file target07.json (JSON, C-alpha atoms)
[["chain", "number", "residue", "atom", "x", "y", "z"],
["A", 283, "MET", "CA", -31.34, 25.05, 23.31],
["A", 284, "THR", "CA", -33.18, 23.44, 26.23],
["A", 285, "ASP", "CA", -31.51, 21.01, 28.60],
["A", 286, "GLU", "CA", -33.88, 18.28, 27.48],
["A", 287, "ARG", "CA", -32.93, 18.83, 23.83],
["A", 288, "ARG", "CA", -29.24, 18.85, 24.71],
["A", 289, "VAL", "CA", -29.53, 15.55, 26.58],
["A", 290, "ARG", "CA", -31.45, 14.01, 23.66],
["A", 291, "ASP", "CA", -28.81, 15.20, 21.16],
["A", 292, "ARG", "CA", -26.07, 13.76, 23.34],
["A", 293, "GLN", "CA", -27.87, 10.40, 23.50],
["A", 294, "VAL", "CA", -28.33, 10.34, 19.73],
["A", 295, "SER", "CA", -24.65, 11.20, 19.24],
["A", 296, "ARG", "CA", -23.59, 8.47, 21.67],
["A", 297, "ARG", "CA", -25.82, 5.92, 19.91],
["A", 298, "ARG", "CA", -24.28, 6.88, 16.55],
["A", 299, "THR", "CA", -20.76, 6.55, 17.96],
["A", 300, "ASN", "CA", -21.57, 3.17, 19.51],
["A", 301, "GLY", "CA", -23.16, 2.02, 16.28],
["A", 302, "PHE", "CA", -20.10, 3.14, 14.31],
["A", 303, "LEU", "CA", -17.73, 1.39, 16.73],
["A", 304, "ARG", "CA", -19.84, -1.77, 16.55],
["A", 305, "VAL", "CA", -19.29, -1.84, 12.78],
["A", 306, "VAL", "CA", -15.78, -0.33, 12.63],
["A", 307, "SER", "CA", -13.97, -1.35, 15.80],
["A", 308, "PRO", "CA", -10.71, 0.37, 16.85],
["A", 309, "TRP", "CA", -8.91, -2.79, 15.72],
["A", 310, "THR", "CA", -10.41, -2.45, 12.25],
["A", 311, "ILE", "CA", -9.31, 1.19, 12.19],
["A", 312, "ILE", "CA", -5.76, 0.03, 13.00],
["A", 313, "LEU", "CA", -5.95, -2.33, 10.00],
["A", 314, "ILE", "CA", -7.21, 0.47, 7.74],
["A", 315, "ILE", "CA", -4.44, 2.87, 8.87],
["A", 316, "THR", "CA", -1.82, 0.14, 8.42],
["A", 317, "GLY", "CA", -3.18, -0.79, 4.98],
["A", 318, "CYS", "CA", -3.19, 2.84, 3.84],
["A", 319, "PHE", "CA", 0.36, 3.32, 5.12],
["A", 320, "HIS", "CA", 1.54, 0.27, 3.17],
["A", 321, "LEU", "CA", -0.09, 1.67, 0.02],
["A", 322, "TYR", "CA", 1.60, 5.02, 0.69],
["A", 323, "ARG", "CA", 5.03, 3.38, 1.00],
["A", 324, "GLY", "CA", 4.44, 1.47, -2.22],
["A", 325, "ALA", "CA", 3.91, -1.99, -0.71],
["A", 326, "ILE", "CA", 0.74, -2.62, -2.68],
["A", 327, "ALA", "CA", 0.29, -6.31, -1.77],
["A", 328, "ASP", "CA", 0.68, -5.56, 1.96],
["A", 329, "GLY", "CA", -1.80, -2.68, 1.72],
["A", 330, "VAL", "CA", -4.34, -4.79, -0.14],
["A", 331, "ILE", "CA", -4.03, -7.61, 2.40],
["A", 332, "PHE", "CA", -4.64, -5.34, 5.41],
["A", 333, "LEU", "CA", -7.49, -3.45, 3.73],
["A", 334, "THR", "CA", -9.14, -6.67, 2.52],
["A", 335, "VAL", "CA", -9.21, -8.07, 6.04],
["A", 336, "ALA", "CA", -10.54, -4.72, 7.33],
["A", 337, "VAL", "CA", -13.33, -4.78, 4.73],
["A", 338, "ALA", "CA", -14.13, -8.40, 5.65],
["A", 339, "LEU", "CA", -14.42, -7.42, 9.34],
["A", 340, "ILE", "CA", -16.71, -4.49, 8.49],
["A", 341, "ALA", "CA", -18.82, -6.68, 6.20],
["A", 342, "ASP", "CA", -19.04, -9.25, 8.98],
["A", 343, "ALA", "CA", -20.06, -6.59, 11.53],
["A", 344, "VAL", "CA", -22.92, -5.35, 9.36],
["A", 345, "GLY", "CA", -24.02, -8.92, 8.69],
["A", 346, "VAL", "CA", -23.16, -9.09, 4.99],
["A", 347, "LEU", "CA", -20.68, -11.92, 5.51],
["A", 348, "ARG", "CA", -21.07, -14.70, 8.05],
["A", 349, "PHE", "CA", -17.91, -16.72, 7.61],
["A", 350, "ASP", "CA", -18.18, -18.27, 11.04],
["A", 351, "ARG", "CA", -21.25, -20.26, 10.00],
["A", 352, "ALA", "CA", -19.10, -22.14, 7.53],
["A", 353, "LEU", "CA", -15.85, -22.07, 9.52],
["A", 354, "SER", "CA", -15.58, -23.44, 13.00],
["A", 355, "PRO", "CA", -12.50, -25.62, 13.28],
["A", 356, "GLY", "CA", -12.05, -24.91, 16.99],
["A", 357, "ARG", "CA", -8.79, -24.55, 18.87],
["A", 358, "PRO", "CA", -6.13, -26.74, 17.27],
["A", 359, "PRO", "CA", -4.62, -29.39, 19.58],
["A", 360, "ARG", "CA", -0.98, -28.88, 20.59],
["A", 361, "VAL", "CA", 0.21, -31.89, 18.62],
["A", 362, "VAL", "CA", -1.46, -30.58, 15.46],
["A", 363, "LEU", "CA", 0.21, -27.19, 15.93],
["A", 364, "ALA", "CA", 3.60, -28.85, 16.52],
["A", 365, "VAL", "CA", 3.29, -30.92, 13.34],
["A", 366, "ALA", "CA", 2.05, -27.89, 11.39],
["A", 367, "ALA", "CA", 4.98, -25.81, 12.68],
["A", 368, "ALA", "CA", 7.42, -28.48, 11.51],
["A", 369, "VAL", "CA", 5.71, -28.78, 8.10],
["A", 370, "VAL", "CA", 5.85, -24.99, 7.70],
["A", 371, "GLY", "CA", 9.25, -24.46, 9.30],
["A", 372, "VAL", "CA", 11.31, -26.93, 7.24],
["A", 373, "PRO", "CA", 10.59, -25.40, 3.81],
["A", 374, "LEU", "CA", 10.95, -21.88, 5.22],
["A", 375, "LEU", "CA", 14.44, -22.78, 6.44],
["A", 376, "LEU", "CA", 15.56, -24.83, 3.45],
["A", 377, "ALA", "CA", 14.03, -22.97, 0.50],
["A", 378, "PRO", "CA", 15.75, -19.92, -0.98],
["A", 379, "LEU", "CA", 14.85, -16.70, 0.84],
["A", 380, "PHE", "CA", 12.14, -14.63, -0.91],
["A", 381, "GLY", "CA", 11.47, -17.55, -3.28],
["A", 382, "ILE", "CA", 8.25, -19.05, -4.58],
["A", 383, "VAL", "CA", 8.22, -21.72, -1.83],
["A", 384, "ASP", "CA", 8.23, -19.07, 0.91],
["A", 385, "LEU", "CA", 5.44, -17.25, -0.92],
["A", 386, "PHE", "CA", 3.14, -20.29, -1.11],
["A", 387, "VAL", "CA", 3.94, -21.44, 2.43],
["A", 388, "LEU", "CA", 3.15, -17.98, 3.83],
["A", 389, "LEU", "CA", -0.07, -17.75, 1.81],
["A", 390, "ALA", "CA", -1.15, -21.17, 3.10],
["A", 391, "VAL", "CA", -0.29, -20.18, 6.68],
["A", 392, "GLY", "CA", -2.23, -16.93, 6.26],
["A", 393, "VAL", "CA", -5.38, -18.65, 5.05],
["A", 394, "ALA", "CA", -5.15, -21.38, 7.69],
["A", 395, "THR", "CA", -4.65, -18.97, 10.60],
["A", 396, "LEU", "CA", -7.50, -16.76, 9.38],
["A", 397, "VAL", "CA", -9.81, -19.78, 9.22],
["A", 398, "ILE", "CA", -8.82, -20.70, 12.79],
["A", 399, "ALA", "CA", -8.94, -17.17, 14.19],
["A", 400, "TRP", "CA", -12.21, -16.04, 12.61],
["A", 401, "PRO", "CA", -14.90, -18.05, 14.47],
["A", 402, "ASP", "CA", -15.73, -16.79, 17.96],
["A", 403, "SER", "CA", -15.75, -20.33, 19.29],
["A", 404, "SER", "CA", -12.15, -21.01, 18.31],
["A", 405, "LEU", "CA", -9.75, -18.75, 20.22],
["A", 406, "ALA", "CA", -12.10, -16.64, 22.31],
["A", 407, "THR", "CA", -11.35, -17.64, 25.88],
["A", 408, "GLY", "CA", -12.95, -14.47, 27.23],
["A", 409, "ASP", "CA", -11.36, -15.07, 30.64],
["A", 410, "SER", "CA", -12.16, -12.03, 32.74],
["A", 411, "ASP", "CA", -11.51, -12.52, 36.44],
["A", 412, "ALA", "CA", -12.81, -9.22, 37.88],
["A", 413, "ALA", "CA", -10.20, -9.21, 40.67],
["A", 414, "ARG", "CA", -7.44, -9.19, 38.04],
["A", 415, "ALA", "CA", -8.95, -6.27, 36.11],
["A", 416, "PRO", "CA", -6.65, -3.57, 37.61],
["A", 417, "ALA", "CA", -3.53, -5.64, 36.86],
["A", 418, "ARG", "CA", -4.77, -6.25, 33.31],
["A", 419, "ARG", "CA", -5.63, -2.58, 32.81],
["A", 420, "ARG", "CA", -2.17, -1.54, 34.02],
["A", 421, "ALA", "CA", -0.53, -4.08, 31.70],
["A", 422, "ALA", "CA", -2.70, -2.89, 28.79],
["A", 423, "VAL", "CA", -1.65, 0.74, 29.30],
["A", 424, "LEU", "CA", 2.05, -0.15, 29.63],
["A", 425, "TRP", "CA", 2.06, -2.44, 26.57],
["A", 426, "ALA", "CA", 0.13, 0.15, 24.59],
["A", 427, "TRP", "CA", 2.82, 2.74, 25.39],
["A", 428, "VAL", "CA", 5.58, 0.35, 24.33],
["A", 429, "ALA", "CA", 3.76, -0.46, 21.06],
["A", 430, "LEU", "CA", 2.93, 3.18, 20.39],
["A", 431, "ALA", "CA", 6.51, 4.29, 21.06],
["A", 432, "PHE", "CA", 7.77, 1.66, 18.62],
["A", 433, "CYS", "CA", 5.27, 2.69, 15.92],
["A", 434, "ILE", "CA", 6.13, 6.40, 16.26],
["A", 435, "TRP", "CA", 9.88, 5.71, 16.24],
["A", 436, "GLU", "CA", 9.66, 3.39, 13.22],
["A", 437, "LEU", "CA", 7.36, 5.77, 11.36],
["A", 438, "ALA", "CA", 9.60, 8.77, 12.12],
["A", 439, "ALA", "CA", 12.69, 6.87, 10.94],
["A", 440, "TYR", "CA", 10.88, 5.89, 7.75],
["A", 441, "LEU", "CA", 9.67, 9.41, 6.97],
["A", 442, "VAL", "CA", 12.93, 11.19, 7.85],
["A", 443, "GLY", "CA", 14.98, 8.60, 5.95],
["A", 444, "ARG", "CA", 12.79, 8.73, 2.87],
["A", 445, "PRO", "CA", 14.46, 11.50, 0.82],
["A", 446, "SER", "CA", 17.77, 9.73, 0.06],
["A", 447, "ALA", "CA", 19.89, 6.63, 0.64],
["A", 448, "ALA", "CA", 22.14, 8.66, 2.97],
["A", 449, "ALA", "CA", 19.11, 9.77, 5.01],
["A", 450, "GLU", "CA", 17.86, 6.18, 5.14],
["A", 451, "TYR", "CA", 21.27, 5.06, 6.42],
["A", 452, "ALA", "CA", 21.16, 7.76, 9.10],
["A", 453, "PHE", "CA", 17.57, 6.89, 10.12],
["A", 454, "PRO", "CA", 17.20, 3.17, 9.39],
["A", 455, "PRO", "CA", 13.78, 1.52, 9.72],
["A", 456, "LEU", "CA", 13.92, -1.66, 11.81],
["A", 457, "SER", "CA", 13.48, -3.84, 8.71],
["A", 458, "ASP", "CA", 16.73, -2.48, 7.25],
["A", 459, "LEU", "CA", 18.54, -3.49, 10.43],
["A", 460, "LEU", "CA", 17.01, -6.97, 10.60],
["A", 461, "ASP", "CA", 17.11, -7.93, 6.90],
["A", 462, "PRO", "CA", 20.85, -8.79, 6.91],
["A", 463, "ALA", "CA", 20.27, -11.04, 9.92],
["A", 464, "VAL", "CA", 17.47, -12.90, 8.11],
["A", 465, "ALA", "CA", 19.92, -13.66, 5.31],
["A", 466, "SER", "CA", 22.18, -15.51, 7.77],
["A", 467, "PRO", "CA", 21.16, -19.18, 8.24],
["A", 468, "PHE", "CA", 21.64, -19.08, 12.02],
["A", 469, "TRP", "CA", 19.50, -15.98, 12.56],
["A", 470, "ARG", "CA", 16.96, -17.23, 10.07],
["A", 471, "ILE", "CA", 16.45, -20.34, 12.24],
["A", 472, "ILE", "CA", 15.94, -18.10, 15.26],
["A", 473, "LEU", "CA", 13.52, -15.84, 13.37],
["A", 474, "VAL", "CA", 11.44, -18.68, 11.89],
["A", 475, "ALA", "CA", 11.35, -20.61, 15.18],
["A", 476, "GLY", "CA", 10.36, -17.49, 17.12],
["A", 477, "TRP", "CA", 7.75, -16.55, 14.54],
["A", 478, "LEU", "CA", 6.20, -20.03, 14.57],
["A", 479, "ALA", "CA", 6.25, -20.18, 18.38],
["A", 480, "GLY", "CA", 4.50, -16.81, 18.53],
["A", 481, "GLY", "CA", 1.86, -17.99, 16.07],
["A", 482, "ALA", "CA", 1.29, -21.21, 18.00],
["A", 483, "ALA", "CA", 0.88, -19.22, 21.23],
["A", 484, "LEU", "CA", -1.69, -16.95, 19.56],
["A", 485, "LEU", "CA", -3.62, -19.92, 18.18],
["A", 486, "ARG", "CA", -3.71, -21.64, 21.56],
["A", 487, "PRO", "CA", -4.44, -18.95, 24.15],
["A", 488, "GLY", "CA", -3.96, -20.50, 27.57],
["A", 489, "LYS", "CA", -5.15, -19.99, 31.11],
["A", 490, "HIS", "CA", -3.07, -17.71, 33.29],
["A", 491, "PRO", "CA", -2.94, -17.47, 37.06],
["B", 589, "MET", "CA", 25.49, 9.62, 15.17],
["B", 590, "THR", "CA", 21.82, 9.85, 14.13],
["B", 591, "ARG", "CA", 22.01, 6.19, 13.05],
["B", 592, "ILE", "CA", 23.19, 5.18, 16.51],
["B", 593, "ILE", "CA", 20.45, 7.24, 18.16],
["B", 594, "THR", "CA", 17.85, 5.64, 15.89],
["B", 595, "ILE", "CA", 19.12, 2.15, 16.73],
["B", 596, "LEU", "CA", 19.24, 3.04, 20.44],
["B", 597, "GLY", "CA", 15.56, 4.01, 20.21],
["B", 598, "TYR", "CA", 14.67, 0.52, 18.95],
["B", 599, "LEU", "CA", 16.85, -1.07, 21.63],
["B", 600, "LEU", "CA", 15.27, 1.01, 24.39],
["B", 601, "ASP", "CA", 11.79, 0.04, 23.23],
["B", 602, "GLY", "CA", 12.82, -3.62, 23.13],
["B", 603, "LEU", "CA", 14.30, -3.31, 26.61],
["B", 604, "ALA", "CA", 11.05, -1.73, 27.83],
["B", 605, "ALA", "CA", 9.16, -4.74, 26.47],
["B", 606, "VAL", "CA", 11.56, -7.16, 28.19],
["B", 607, "GLY", "CA", 11.26, -5.08, 31.38],
["B", 608, "LEU", "CA", 7.49, -5.37, 31.24],
["B", 609, "VAL", "CA", 7.73, -9.15, 30.90],
["B", 610, "ILE", "CA", 10.04, -9.28, 33.95],
["B", 611, "VAL", "CA", 7.85, -6.93, 36.02],
["B", 612, "ALA", "CA", 4.79, -9.07, 35.18],
["B", 613, "LYS", "CA", 6.71, -12.13, 36.47],
["B", 614, "LEU", "CA", 7.94, -10.45, 39.66],
["B", 615, "LYS", "CA", 4.85, -8.37, 40.46],
["B", 616, "SER", "CA", 2.05, -10.40, 38.95],
["B", 617, "ASP", "CA", -0.44, -8.89, 41.42],
["B", 618, "LYS", "CA", 0.26, -5.41, 40.00],
["B", 619, "VAL", "CA", 0.88, -6.05, 36.31],
["B", 620, "ALA", "CA", -0.72, -8.88, 34.31],
["B", 621, "SER", "CA", 1.42, -10.94, 31.96],
["B", 622, "PHE", "CA", 1.13, -10.38, 28.21],
["B", 623, "GLY", "CA", -0.63, -13.74, 27.86],
["B", 624, "GLU", "CA", -3.16, -12.90, 30.54],
["B", 625, "LEU", "CA", -3.74, -9.54, 28.88],
["B", 626, "LEU", "CA", -4.39, -11.23, 25.54],
["B", 627, "ASP", "CA", -7.03, -13.67, 26.85],
["B", 628, "PRO", "CA", -9.93, -11.19, 27.16],
["B", 629, "VAL", "CA", -8.70, -9.21, 24.14],
["B", 630, "MET", "CA", -8.90, -12.34, 21.99],
["B", 631, "ALA", "CA", -12.61, -12.59, 22.78],
["B", 632, "SER", "CA", -13.23, -9.91, 20.14],
["B", 633, "ARG", "CA", -13.11, -11.15, 16.56],
["B", 634, "ALA", "CA", -11.69, -7.88, 15.22],
["B", 635, "ALA", "CA", -8.91, -7.91, 17.84],
["B", 636, "ARG", "CA", -8.17, -11.60, 17.30],
["B", 637, "VAL", "CA", -7.99, -11.33, 13.53],
["B", 638, "THR", "CA", -5.93, -8.11, 13.70],
["B", 639, "ILE", "CA", -3.37, -9.57, 16.12],
["B", 640, "VAL", "CA", -3.05, -12.78, 14.11],
["B", 641, "LEU", "CA", -2.72, -10.78, 10.88],
["B", 642, "PHE", "CA", 0.11, -8.63, 12.32],
["B", 643, "TRP", "CA", 1.88, -11.80, 13.45],
["B", 644, "TRP", "CA", 1.47, -13.34, 9.98],
["B", 645, "TRP", "CA", 2.66, -10.15, 8.29],
["B", 646, "LEU", "CA", 5.98, -10.32, 10.16],
["B", 647, "GLY", "CA", 6.70, -13.65, 8.44],
["B", 648, "TRP", "CA", 5.45, -12.28, 5.12],
["B", 649, "HIS", "CA", 7.58, -9.14, 5.41],
["B", 650, "PHE", "CA", 10.85, -10.82, 6.36],
["B", 651, "LEU", "CA", 10.61, -14.08, 4.39],
["B", 652, "VAL", "CA", 8.65, -13.25, 1.24],
["B", 653, "VAL", "CA", 9.17, -9.57, 0.41],
["B", 654, "PRO", "CA", 12.74, -8.77, -0.72],
["B", 655, "PRO", "CA", 14.26, -5.74, 1.07],
["B", 656, "GLU", "CA", 14.31, -3.49, -2.01],
["B", 657, "ASP", "CA", 10.53, -3.90, -2.32],
["B", 658, "GLY", "CA", 9.91, -2.70, 1.22]]
call {"tool": "encode", "arguments": {"input": "target07.json", "output": "structure tokens"}}
result
Amino acid sequence: MTDERRVRDRQVSRRRTNGFLRVVSPWTIILIITGCFHLYRGAIADGVIFLTVAVALIADAVGVLRFDRALSPGRPPRVVLAVAAAVVGVPLLLAPLFGIVDLFVLLAVGVATLVIAWPDSSLATGDSDAARAPARRRAAVLWAWVALAFCIWELAAYLVGRPSAAAEYAFPPLSDLLDPAVASPFWRIILVAGWLAGGAALLRPGKHP
Amino acid sequence: MTRIITILGYLLDGLAAVGLVIVAKLKSDKVASFGELLDPVMASRAARVTIVLFWWWLGWHFLVVPPEDG
């Protein structure tokens, strides 16, 4: 094979890879893996949710769906988020755990946050101070390691604990450890408040020094 | 014993996350804060939607899905 041919093949391969990543971004691959894992563990609804969003992102990338033309609510003002958090938080705290109220509230929150997060004009701050790039890169690597370590540990605990109840007790997934806390009113307040605060922070990305 | 080791693994990972937050506060010139890291990441629709979906799923998992169902 000539050098010229090899270079041309490499360029074609790179173009294909870039084209694939433009349509199926690494984030979409994370959604697909997560969705498949949920299906594997028997959580069908969770799997369908993750895979549906992944398919929507792929369809959007190839231009089949253009949701953002119809949806562009912009970044919600702080006061709107505070009121929404209260409206969502009260029923989540007062209604019976795992009940129909929680189900409908969570579905409504899911649709609303997707509508807000989808358009590029809404949450995309795109701040990229070049001088801060090394600090951001370092933070990205460190956070990625923390997240990866958690995923591997959780996955290992799930797989090793799968054969029996005794094995699951010996290698508890994090959910098994947190579920009893969610049942307690005090910890449920902490969980719901923390969850809503996290969501509000994601829906209003701010400027950082 | 294995249960304690498993729980310690979660605790260590949580402590690492807290440590990162503290390091970002103390040495902001070296390590960006989580919020600052998210800003450029959120410019990508796939990233934005994925991150928001994972956040939403936490609420779904702990408040809607009973433990025996996963």
call {"tool": "residues_around", "arguments": {"input": "target07.json", "residues": "region 379-391 of chain A", "least_positions_apart": "5", "cutoff": "8 Å", "atoms": "all atoms listed in the file", "output": "list in words"}}
result
Val370, Pro373, Leu374 and Ala465 of chain A; Trp644, Gly647, Trp648, Leu651, Val652, Val653 and Pro654 of chain B
call {"tool": "residues_around", "arguments": {"input": "target07.json", "residues": "Gly329 (chain A)", "least_positions_apart": "3", "cutoff": "8 Å", "atoms": "all atoms listed in the file", "output": "list in words"}}
result
Thr316, Gly317, Cys318, Phe319, His320, Leu321, Ala325, Ile326, Phe332 and Leu333 of chain A
call {"tool": "residues_around", "arguments": {"input": "target07.json", "residues": "region 468-481 of chain A", "least_positions_apart": "4", "cutoff": "12 Å", "atoms": "only C-alpha atoms", "output": "MDAnalysis selection string"}}
result
(chainID A and resid 358 360 363:379 384 388 391:392 394:396 398:399 460:464 485:487) or (chainID B and resid 623 636 639:651)
call {"tool": "closest_residue", "arguments": {"input": "target07.json", "among": "A:Val361, A:Arg444, A:Ile311, A:Ala327", "to": "Leu339 (chain A)", "atoms": "all atoms listed in the file"}}
result
A:Ile311
call {"tool": "closest_atom_pairs", "arguments": {"input": "target07.json", "of": "chain B", "to": "chain A", "cutoff": "8 Å", "atoms": "only C-alpha atoms", "output": "CSV"}}
result
residue,atom,partner,partner_atom,distance
B:Met589,CA,A:Ala452,CA,7.7
B:Thr590,CA,A:Ala452,CA,5.5
B:Arg591,CA,A:Ala452,CA,4.3
B:Thr594,CA,A:Phe453,CA,5.9
B:Ile595,CA,A:Pro454,CA,7.7
B:Gly597,CA,A:Trp435,CA,7.1
B:Tyr598,CA,A:Phe432,CA,7.0
B:Asp601,CA,A:Val428,CA,6.3
B:Ala604,CA,A:Val428,CA,6.8
B:Ala605,CA,A:Val428,CA,6.6
B:Leu608,CA,A:Leu424,CA,7.7
B:Ser616,CA,A:Ala417,CA,7.6
B:Asp617,CA,A:Ala417,CA,6.4
B:Lys618,CA,A:Ala417,CA,4.9
B:Val619,CA,A:Ala417,CA,4.5
B:Ala620,CA,A:Arg418,CA,4.9
B:Ser621,CA,A:Ala421,CA,7.1
B:Phe622,CA,A:Ala421,CA,7.4
B:Gly623,CA,A:His490,CA,7.2
B:Glu624,CA,A:His490,CA,5.5
B:Leu625,CA,A:Arg418,CA,5.6
B:Leu626,CA,A:Pro487,CA,7.8
B:Asp627,CA,A:Asp409,CA,5.9
B:Pro628,CA,A:Gly408,CA,4.5
B:Val629,CA,A:Gly408,CA,7.4
B:Met630,CA,A:Ala406,CA,5.4
B:Ala631,CA,A:Ala406,CA,4.1
B:Ser632,CA,A:Ala406,CA,7.2
B:Arg633,CA,A:Trp400,CA,6.4
B:Ala634,CA,A:Trp309,CA,5.8
B:Ala635,CA,A:Trp309,CA,5.5
B:Arg636,CA,A:Ala399,CA,6.4
B:Val637,CA,A:Ala399,CA,6.0
B:Thr638,CA,A:Trp309,CA,6.4
B:Val640,CA,A:Leu484,CA,7.0
B:Leu641,CA,A:Gly392,CA,7.7
B:Trp643,CA,A:Gly481,CA,6.7
B:Trp644,CA,A:Gly392,CA,6.4
B:Leu646,CA,A:Trp477,CA,7.8
B:Gly647,CA,A:Trp477,CA,6.8
B:Trp648,CA,A:Leu388,CA,6.3
B:Phe650,CA,A:Asp461,CA,6.9
B:Leu651,CA,A:Phe380,CA,5.5
B:Val652,CA,A:Phe380,CA,4.3
B:Val653,CA,A:Phe380,CA,6.0
B:Pro654,CA,A:Phe380,CA,5.9
B:Pro655,CA,A:Asp461,CA,6.8
B:Asp657,CA,A:Ala325,CA,7.1
B:Gly658,CA,A:Ala325,CA,6.3
